[in-house]
>>> print(open('model.tsv').read())   # TSV, C-alpha atoms
chain	number	residue	atom	x	y	z
A	26	MET	CA	-38.87	-69.57	135.53
A	27	LEU	CA	-38.10	-66.24	137.15
A	28	LEU	CA	-41.33	-64.72	135.83
A	29	GLY	CA	-43.21	-67.68	137.28
A	30	TYR	CA	-41.63	-67.11	140.68
A	31	ILE	CA	-42.41	-63.39	140.65
A	32	GLN	CA	-45.96	-64.05	139.55
A	33	GLU	CA	-46.37	-66.51	142.41
A	34	VAL	CA	-45.56	-63.65	144.77
A	35	VAL	CA	-47.37	-60.75	143.14
A	36	LYS	CA	-50.27	-62.81	141.73
A	37	GLU	CA	-50.70	-60.66	138.63
A	38	GLN	CA	-48.97	-61.18	135.30
A	39	ALA	CA	-48.71	-57.51	134.31
A	40	ILE	CA	-47.12	-56.56	137.64
A	41	ALA	CA	-44.85	-59.61	137.49
A	42	GLU	CA	-43.65	-58.63	134.01
A	43	GLN	CA	-42.97	-55.12	135.20
A	44	TYR	CA	-40.94	-56.44	138.15
A	45	LEU	CA	-39.00	-58.73	135.80
A	46	ILE	CA	-38.13	-55.87	133.46
A	47	GLU	CA	-37.13	-53.63	136.38
A	48	LEU	CA	-35.03	-56.40	137.88
A	49	PHE	CA	-32.92	-56.71	134.75
A	50	ASN	CA	-32.87	-52.99	134.09
A	51	GLU	CA	-31.53	-52.29	137.56
A	52	LEU	CA	-28.73	-54.85	137.32
A	53	LYS	CA	-25.37	-53.24	137.84
A	54	ALA	CA	-22.19	-54.23	136.02
A	55	THR	CA	-21.02	-55.94	139.22
A	56	ASP	CA	-24.23	-58.01	139.35
A	57	ILE	CA	-23.68	-59.16	135.76
A	58	LYS	CA	-20.07	-60.03	136.52
A	59	ASP	CA	-21.28	-61.94	139.57
A	60	LEU	CA	-23.79	-63.84	137.44
A	61	MET	CA	-21.14	-64.73	134.87
A	62	ASP	CA	-18.75	-66.17	137.47
A	63	SER	CA	-18.19	-69.89	137.15
A	64	GLY	CA	-19.93	-72.03	139.74
A	65	VAL	CA	-22.72	-69.55	140.27
A	66	ASN	CA	-26.24	-70.80	139.72
A	67	GLN	CA	-27.55	-67.95	137.64
A	68	PHE	CA	-31.20	-68.68	138.21
A	69	LEU	CA	-30.80	-68.83	141.98
A	70	ARG	CA	-28.73	-65.65	141.99
A	71	LEU	CA	-31.43	-63.87	139.98
A	72	GLN	CA	-34.08	-65.31	142.25
A	73	GLN	CA	-32.25	-63.90	145.28
A	74	ILE	CA	-32.12	-60.49	143.63
A	75	ALA	CA	-35.82	-60.80	142.81
A	76	ARG	CA	-36.64	-61.79	146.40
A	77	LYS	CA	-34.78	-58.75	147.65
A	78	LYS	CA	-36.56	-56.51	145.17
A	79	LEU	CA	-39.92	-58.01	146.06
A	80	SER	CA	-39.37	-57.55	149.79
A	81	SER	CA	-41.41	-54.33	149.81
A	82	PHE	CA	-44.21	-56.07	147.94
A	83	ILE	CA	-43.96	-59.18	150.11
A	84	SER	CA	-44.59	-57.15	153.26
A	85	THR	CA	-47.92	-56.03	151.83
A	86	VAL	CA	-49.28	-59.43	150.77
A	87	GLU	CA	-51.11	-61.86	152.99
A	88	ASP	CA	-49.00	-63.66	155.48
A	89	CYS	CA	-47.99	-67.25	154.90
A	90	ALA	CA	-48.85	-68.15	158.45
A	91	ASP	CA	-52.45	-67.21	157.74
A	92	GLN	CA	-54.34	-70.44	158.28
A	93	ASP	CA	-57.12	-69.55	155.86
A	94	GLU	CA	-54.66	-68.80	153.13
A	95	ILE	CA	-52.94	-72.13	153.55
A	96	THR	CA	-56.29	-73.90	153.56
A	97	THR	CA	-57.42	-72.26	150.36
A	98	LYS	CA	-53.91	-72.60	148.89
A	99	LYS	CA	-53.94	-69.05	147.56
A	100	THR	CA	-50.21	-68.70	147.99
A	101	ILE	CA	-49.04	-72.00	146.65
A	102	ASN	CA	-51.64	-72.81	144.11
A	103	GLY	CA	-50.62	-75.27	141.42
A	104	ASN	CA	-47.14	-76.37	142.44
A	105	LYS	CA	-47.19	-80.15	142.70
A	106	PHE	CA	-44.15	-80.29	144.98
A	107	ILE	CA	-45.66	-77.86	147.44
A	108	ASP	CA	-48.98	-79.66	147.29
A	109	MET	CA	-47.19	-82.80	148.49
A	110	MET	CA	-45.84	-81.07	151.60
A	111	GLY	CA	-47.47	-81.23	154.97
A	112	HIS	CA	-49.04	-78.22	156.62
A	113	ASP	CA	-46.01	-77.18	158.68
A	114	GLN	CA	-43.66	-77.85	155.80
A	115	GLN	CA	-45.80	-75.63	153.56
A	116	LEU	CA	-45.80	-72.88	156.16
A	117	VAL	CA	-42.03	-72.92	156.44
A	118	PHE	CA	-41.27	-73.39	152.76
A	119	CYS	CA	-43.77	-70.75	151.68
A	120	GLY	CA	-42.46	-68.40	154.36
A	121	VAL	CA	-38.86	-68.54	153.23
A	122	HIS	CA	-39.37	-69.03	149.51
A	123	TYR	CA	-42.21	-66.67	148.69
A	124	HIS	CA	-42.18	-64.30	151.65
A	125	GLY	CA	-38.43	-64.02	152.16
A	126	LYS	CA	-38.61	-64.72	155.87
A	127	THR	CA	-35.53	-65.79	157.78
A	128	ILE	CA	-35.36	-68.90	159.91
A	129	VAL	CA	-35.18	-66.73	163.02
A	130	LYS	CA	-38.30	-64.79	162.07
A	131	LEU	CA	-40.27	-67.93	161.21
A	132	ALA	CA	-39.21	-69.58	164.47
A	133	ALA	CA	-40.54	-66.58	166.37
A	134	GLU	CA	-43.78	-66.45	164.37
A	135	LEU	CA	-44.52	-70.15	164.62
A	136	ASN	CA	-43.23	-70.36	168.17
A	137	LYS	CA	-40.92	-73.23	167.35
A	138	PRO	CA	-37.16	-73.70	167.81
A	139	GLU	CA	-34.94	-72.66	164.91
A	140	ASP	CA	-33.69	-76.24	164.54
A	141	THR	CA	-37.25	-77.43	164.04
A	142	ILE	CA	-37.80	-74.80	161.33
A	143	ARG	CA	-34.59	-75.89	159.58
A	144	GLN	CA	-35.67	-79.51	159.75
A	145	LEU	CA	-39.10	-78.67	158.33
A	146	LEU	CA	-37.38	-76.83	155.49
A	147	ARG	CA	-35.11	-79.79	154.95
A	148	GLU	CA	-38.10	-82.13	154.87
A	149	SER	CA	-39.67	-79.90	152.21
A	150	PHE	CA	-36.60	-80.35	150.04
A	151	THR	CA	-36.60	-84.09	150.68
A	152	ILE	CA	-40.17	-84.22	149.32
A	153	ILE	CA	-39.08	-82.32	146.22
A	154	ARG	CA	-36.11	-84.62	145.71
A	155	ASN	CA	-38.11	-87.80	146.21
A	156	ASN	CA	-40.60	-86.72	143.59
A	157	ARG	CA	-38.24	-85.29	141.04
A	158	ASN	CA	-37.99	-88.32	138.79
A	159	ASP	CA	-40.83	-87.19	136.58
A	160	THR	CA	-39.54	-83.64	136.34
A	161	ALA	CA	-36.54	-82.80	134.20
A	162	VAL	CA	-34.42	-79.77	134.88
A	163	HIS	CA	-33.09	-77.59	132.13
A	164	GLN	CA	-29.32	-77.68	132.39
B	25	MET	CA	-19.68	-84.66	161.32
B	26	ILE	CA	-19.94	-83.29	157.76
B	27	GLN	CA	-23.04	-85.38	157.14
B	28	GLN	CA	-24.51	-84.01	160.34
B	29	TYR	CA	-23.84	-80.49	159.10
B	30	ILE	CA	-25.44	-81.26	155.72
B	31	ASN	CA	-28.47	-82.73	157.47
B	32	SER	CA	-28.86	-79.76	159.81
B	33	GLY	CA	-30.98	-77.77	157.33
B	34	ILE	CA	-28.50	-74.91	157.05
B	35	LEU	CA	-27.89	-75.67	153.38
B	36	GLU	CA	-31.60	-75.44	152.67
B	37	ALA	CA	-31.78	-72.16	154.55
B	38	TYR	CA	-28.86	-70.87	152.49
B	39	VAL	CA	-30.32	-71.67	149.06
B	40	THR	CA	-33.63	-70.08	150.01
B	41	GLY	CA	-31.84	-66.98	151.31
B	42	SER	CA	-33.19	-67.40	154.83
B	43	ALA	CA	-29.91	-68.16	156.59
B	44	SER	CA	-28.34	-65.69	158.98
B	45	GLU	CA	-25.09	-63.93	158.11
B	46	GLN	CA	-23.17	-66.13	160.51
B	47	GLU	CA	-24.63	-69.26	158.93
B	48	VAL	CA	-23.78	-67.99	155.45
B	49	ASN	CA	-20.16	-67.34	156.41
B	50	GLU	CA	-19.90	-70.74	158.05
B	51	LEU	CA	-21.40	-72.41	155.01
B	52	LEU	CA	-19.08	-70.65	152.58
B	53	TYR	CA	-16.14	-71.87	154.64
B	54	MET	CA	-17.51	-75.43	154.67
B	55	LYS	CA	-18.25	-75.29	150.96
B	56	ALA	CA	-14.69	-74.23	150.19
B	57	ASN	CA	-13.16	-76.94	152.38
B	58	TYR	CA	-15.50	-79.91	152.05
B	59	PRO	CA	-16.54	-81.10	148.56
B	60	GLU	CA	-19.45	-83.04	150.09
B	61	VAL	CA	-21.02	-79.78	151.18
B	62	ASN	CA	-20.52	-78.30	147.74
B	63	ILE	CA	-22.17	-81.32	146.08
B	64	ALA	CA	-25.10	-81.20	148.50
B	65	LEU	CA	-25.50	-77.50	147.79
B	66	GLN	CA	-25.56	-78.09	144.04
B	67	GLU	CA	-28.25	-80.72	144.51
B	68	LEU	CA	-30.35	-78.26	146.48
B	69	GLU	CA	-29.91	-75.65	143.77
B	70	LYS	CA	-31.28	-78.15	141.28
B	71	ASP	CA	-34.21	-78.78	143.61
B	72	MET	CA	-34.91	-75.05	143.67
B	73	GLU	CA	-34.89	-75.04	139.89
B	74	ARG	CA	-37.35	-77.93	139.86
B	75	ILE	CA	-39.78	-75.97	142.00
B	76	ALA	CA	-39.40	-72.95	139.76
B	77	GLN	CA	-39.85	-75.08	136.68
B	78	GLN	CA	-43.19	-76.23	138.01
B	79	MET	CA	-44.42	-72.64	137.98
B	80	ALA	CA	-42.48	-71.50	134.91
B	81	ILE	CA	-44.13	-69.00	132.60
B	82	THR	CA	-42.77	-68.01	129.21
B	83	PRO	CA	-42.38	-64.24	129.18
B	84	PRO	CA	-44.04	-62.40	126.29
B	85	GLU	CA	-41.70	-61.38	123.48
B	86	ARG	CA	-42.03	-57.68	124.25
B	87	THR	CA	-40.66	-58.31	127.77
B	88	TRP	CA	-37.44	-59.77	126.43
B	89	ASP	CA	-37.07	-56.93	123.95
B	90	LYS	CA	-37.25	-54.39	126.75
B	91	ILE	CA	-34.78	-56.35	128.87
B	92	SER	CA	-32.26	-57.08	126.12
B	93	ASP	CA	-32.05	-53.43	125.09
B	94	THR	CA	-30.95	-52.47	128.58
B	95	ILE	CA	-28.55	-55.40	128.95
B	96	ASP	CA	-26.83	-54.46	125.67
B	97	GLU	CA	-26.40	-50.98	127.02
B	98	LEU	CA	-24.97	-52.30	130.29
B	99	ILE	CA	-22.43	-54.50	128.50
B	100	LEU	CA	-21.25	-51.52	126.48
B	101	ARG	CA	-20.89	-49.60	129.73
B	102	GLN	CA	-18.42	-52.17	131.15
B	103	THR	CA	-15.35	-50.36	132.30
B	104	SER	CA	-11.68	-50.65	132.23
B	105	ASN	CA	-10.15	-47.91	134.30
B	106	PRO	CA	-7.43	-46.45	132.13
B	107	ASP	CA	-4.66	-44.11	133.26
B	108	GLN	CA	-4.32	-40.75	131.63
B	109	PHE	CA	-1.62	-40.63	128.96
B	110	THR	CA	1.29	-38.44	129.97
B	111	GLU	CA	3.93	-37.18	127.59
B	112	ARG	CA	7.53	-37.55	128.60
B	113	GLY	CA	10.72	-36.78	126.69
B	114	ASP	CA	12.43	-33.95	124.90
B	115	GLY	CA	9.38	-31.75	124.56
B	116	ASN	CA	9.45	-31.86	120.75
B	117	GLY	CA	6.94	-34.63	120.62
B	118	GLN	CA	9.65	-37.06	119.50
B	119	ASN	CA	9.81	-39.32	122.48
B	120	PHE	CA	6.42	-40.51	123.67
B	121	THR	CA	6.57	-43.15	126.37
B	122	LYS	CA	3.78	-44.68	128.34
B	123	PRO	CA	3.94	-44.31	132.12
B	124	GLY	CA	2.19	-47.63	132.74
B	125	SER	CA	1.48	-50.79	130.86
B	126	GLY	CA	-2.31	-50.69	131.20
B	127	PRO	CA	-4.83	-49.02	128.93
B	128	GLN	CA	-4.54	-45.26	128.68
B	129	TYR	CA	-6.62	-42.37	127.48
B	130	ILE	CA	-5.80	-38.95	126.16
B	131	GLU	CA	-8.00	-36.22	127.56
B	132	VAL	CA	-9.60	-34.29	124.74
B	133	GLU	CA	-11.82	-31.36	125.46
B	134	ALA	CA	-14.96	-31.89	123.45
B	135	GLU	CA	-16.33	-29.00	121.47
B	136	SER	CA	-19.60	-28.00	123.02
B	137	ASN	CA	-22.49	-26.30	121.29
B	138	HIS	CA	-23.52	-24.64	124.54
B	139	MET	CA	-22.38	-21.36	126.01
B	140	LYS	CA	-22.04	-20.69	129.73
B	141	VAL	CA	-23.14	-17.26	130.98
B	142	HIS	CA	-23.35	-15.70	134.43
B	143	LYS	CA	-26.69	-16.02	136.22
B	144	THR	CA	-27.17	-12.24	136.32
B	145	TRP	CA	-27.58	-12.28	132.57
B	146	LYS	CA	-30.90	-14.00	133.12
B	147	TRP	CA	-32.39	-10.75	134.51
B	148	VAL	CA	-30.80	-8.75	131.73
B	149	PHE	CA	-32.40	-11.02	129.16
B	150	ILE	CA	-35.76	-10.74	130.92
B	151	ALA	CA	-35.47	-6.93	131.00
B	152	VAL	CA	-34.53	-6.84	127.31
B	153	PHE	CA	-37.48	-9.06	126.51
B	154	VAL	CA	-39.93	-6.90	128.49
B	155	LEU	CA	-38.54	-3.69	126.97
B	156	SER	CA	-38.80	-5.11	123.48
B	157	LYS	CA	-42.47	-5.87	124.12
B	158	ILE	CA	-43.04	-2.32	125.37
B	159	PHE	CA	-41.32	-0.88	122.28
B	160	LEU	CA	-43.38	-3.13	120.06
B	161	ALA	CA	-46.60	-1.99	121.75
B	162	CYS	CA	-45.49	1.67	121.40
B	163	ALA	CA	-44.62	1.18	117.74
B	164	ILE	CA	-48.03	-0.35	117.01
B	165	TYR	CA	-49.74	2.45	118.95
B	166	PHE	CA	-47.91	5.26	117.13
B	167	TYR	CA	-48.37	3.53	113.78
B	168	LEU	CA	-52.14	3.44	114.31
B	169	GLU	CA	-52.12	7.04	115.57
B	170	ASN	CA	-50.16	8.13	112.54
B	171	ARG	CA	-52.47	6.31	110.17
B	172	GLN	CA	-55.48	7.92	111.78
B	173	ALA	CA	-53.83	11.38	111.55
B	174	GLN	CA	-53.01	10.80	107.87
B	175	GLN	CA	-56.57	9.83	107.22
B	176	GLN	CA	-57.88	12.94	108.98
B	177	LEU	CA	-55.44	15.12	107.01
B	178	LYS	CA	-56.64	13.58	103.79
B	179	GLU	CA	-60.24	14.25	104.77
B	180	ILE	CA	-59.41	17.91	105.62
B	181	LYS	CA	-57.64	18.36	102.26
B	182	THR	CA	-60.66	16.97	100.46
B	183	GLU	CA	-62.95	19.27	102.44
B	184	LEU	CA	-60.77	22.29	101.61
B	185	GLN	CA	-60.78	21.47	97.90
B	186	ARG	CA	-64.56	21.14	98.02
B	187	LEU	CA	-64.89	24.53	99.75
B	188	ARG	CA	-62.65	26.28	97.14
B	189	ARG	CA	-64.88	25.15	94.39
>>> encode(input="model.tsv", output="structure tokens")
Amino acid sequence: MLLGYIQEVVKEQAIAEQYLIELFNELKATDIKDLMDSGVNQFLRLQQIARKKLSSFISTVEDCADQDEITTKKTINGNKFIDMMGHDQQLVFCGVHYHGKTIVKLAAELNKPEDTIRQLLRESFTIIRNNRNDTAVHQ
Amino acid sequence: MIQQYINSGILEAYVTGSASEQEVNELLYMKANYPEVNIALQELEKDMERIAQQMAITPPERTWDKISDTIDELILRQTSNPDQFTERGDGNGQNFTKPGSGPQYIEVEAESNHMKVHKTWKWVFIAVFVLSKIFLACAIYFYLENRQAQQQLKEIKTELQRLRR
């Protein structure tokens, strides 16, 4: 799953694999301990580390707020949940999930109040939840 | 009030890593004190996994090999932080007692195959090397000179013998 996420950001399998290897290779003993703690969602923790690592790459890729990109679905190609989202929901979800933007930054970019951005993000998750019945999650 | 907090979108911002530091601290407090928040958070984490599962790719075998090698090394590197063992007692080695209850180590100076020398020796070694080359060149030169002289002497002797006859 993590490789899929990285590939969504970097768009190239070889680079994504390299990032995945580096991510694990650069894990410190404290990170591993953190991952092993009970109650920690290991995938999400690794995804956060990946997002942090990809931040330099993210700043070089096309912006989520690019209208053309959204129209052609270059950033979010193939994810059925994201395809179900509305335009604004896609902008917000893609911005935070794939481009690591904060709510404050997105609010400034989209010229909308922070509460609106949070609500759009929440709506995105509602869409995912409402359509999850046909998608099992590995426990 | 808790439901209002859950519905505010802060939880979603937290799981996507887009929440501010203040929001994170607030959420951690709420999570610790209100089970409803914790349950909602776990649901969102599952949602995040669902999205990831949609785009999941199986990594090639070679990728896992490279990763597992490093992880094995990291696990071996896990540390306890032992105290140094100190000897106490009558000085005859009869009464060894540990100063603490935790793990301890005895410092042993490892035998090294390397020798430390002063930096100035570097120039001495260079000079010795250069001089050895000069001596070698001289030796070759005088050897050749000597051989040539021997040859000439031989030729002269032959000439003399021829003239005597």
>>> closest_atom_pairs(input="model.tsv", of="chain B", to="chain A", cutoff="10 Å", atoms="only C-alpha atoms", output="CSV")
residue,atom,partner,partner_atom,distance
B:Ile30,CA,A:Arg147,CA,9.8
B:Asn31,CA,A:Arg147,CA,7.7
B:Ser32,CA,A:Gln144,CA,6.8
B:Gly33,CA,A:Arg143,CA,4.7
B:Ile34,CA,A:Arg143,CA,6.7
B:Leu35,CA,A:Arg147,CA,8.5
B:Glu36,CA,A:Arg147,CA,6.0
B:Ala37,CA,A:Arg143,CA,6.9
B:Tyr38,CA,A:Thr127,CA,9.9
B:Val39,CA,A:Leu69,CA,7.6
B:Thr40,CA,A:His122,CA,5.9
B:Gly41,CA,A:Gln73,CA,6.8
B:Ser42,CA,A:Thr127,CA,4.1
B:Ala43,CA,A:Thr127,CA,6.2
B:Ser44,CA,A:Thr127,CA,7.3
B:Gln66,CA,A:Asn66,CA,8.5
B:Glu67,CA,A:Arg154,CA,8.9
B:Leu68,CA,A:Phe150,CA,7.5
B:Glu69,CA,A:Leu69,CA,7.1
B:Lys70,CA,A:Val162,CA,7.3
B:Asp71,CA,A:Arg154,CA,6.5
B:Met72,CA,A:Leu69,CA,7.6
B:Glu73,CA,A:Val162,CA,6.9
B:Arg74,CA,A:Val162,CA,6.1
B:Ile75,CA,A:Phe106,CA,6.8
B:Ala76,CA,A:Met26,CA,5.4
B:Gln77,CA,A:Met26,CA,5.7
B:Gln78,CA,A:Asn104,CA,5.9
B:Met79,CA,A:Gly29,CA,5.2
B:Ala80,CA,A:Met26,CA,4.1
B:Ile81,CA,A:Gly29,CA,4.9
B:Thr82,CA,A:Leu28,CA,7.5
B:Pro83,CA,A:Leu28,CA,6.7
B:Pro84,CA,A:Glu42,CA,8.6
B:Arg86,CA,A:Glu42,CA,9.9
B:Thr87,CA,A:Ile46,CA,6.7
B:Trp88,CA,A:Ile46,CA,8.1
B:Asp89,CA,A:Ile46,CA,9.6
B:Lys90,CA,A:Ile46,CA,6.9
B:Ile91,CA,A:Ile46,CA,5.7
B:Ser92,CA,A:Phe49,CA,8.7
B:Asp93,CA,A:Asn50,CA,9.0
B:Thr94,CA,A:Asn50,CA,5.9
B:Ile95,CA,A:Asn50,CA,7.1
B:Glu97,CA,A:Asn50,CA,9.8
B:Leu98,CA,A:Ala54,CA,6.7
B:Ile99,CA,A:Ala54,CA,7.5
B:Leu100,CA,A:Ala54,CA,10.0
B:Arg101,CA,A:Ala54,CA,7.9
B:Gln102,CA,A:Ala54,CA,6.5
B:Thr103,CA,A:Ala54,CA,8.7
>>> atom_distance(input="model.tsv", atom1="atom CA of Ile26 of chain B", atom2="atom CA of Leu52 of chain B")
13.7 Å
>>> residues_around(input="model.tsv", residues="Gln27 of chain B", least_positions_apart="6", cutoff="10 Å", atoms="only C-alpha atoms", output="PyMOL selection string")
chain B and resi 60-61+64
>>> atom_distance(input="model.tsv", atom1="atom CA of Tyr53 of chain B", atom2="atom CA of Tyr29 of chain B")
12.4 Å
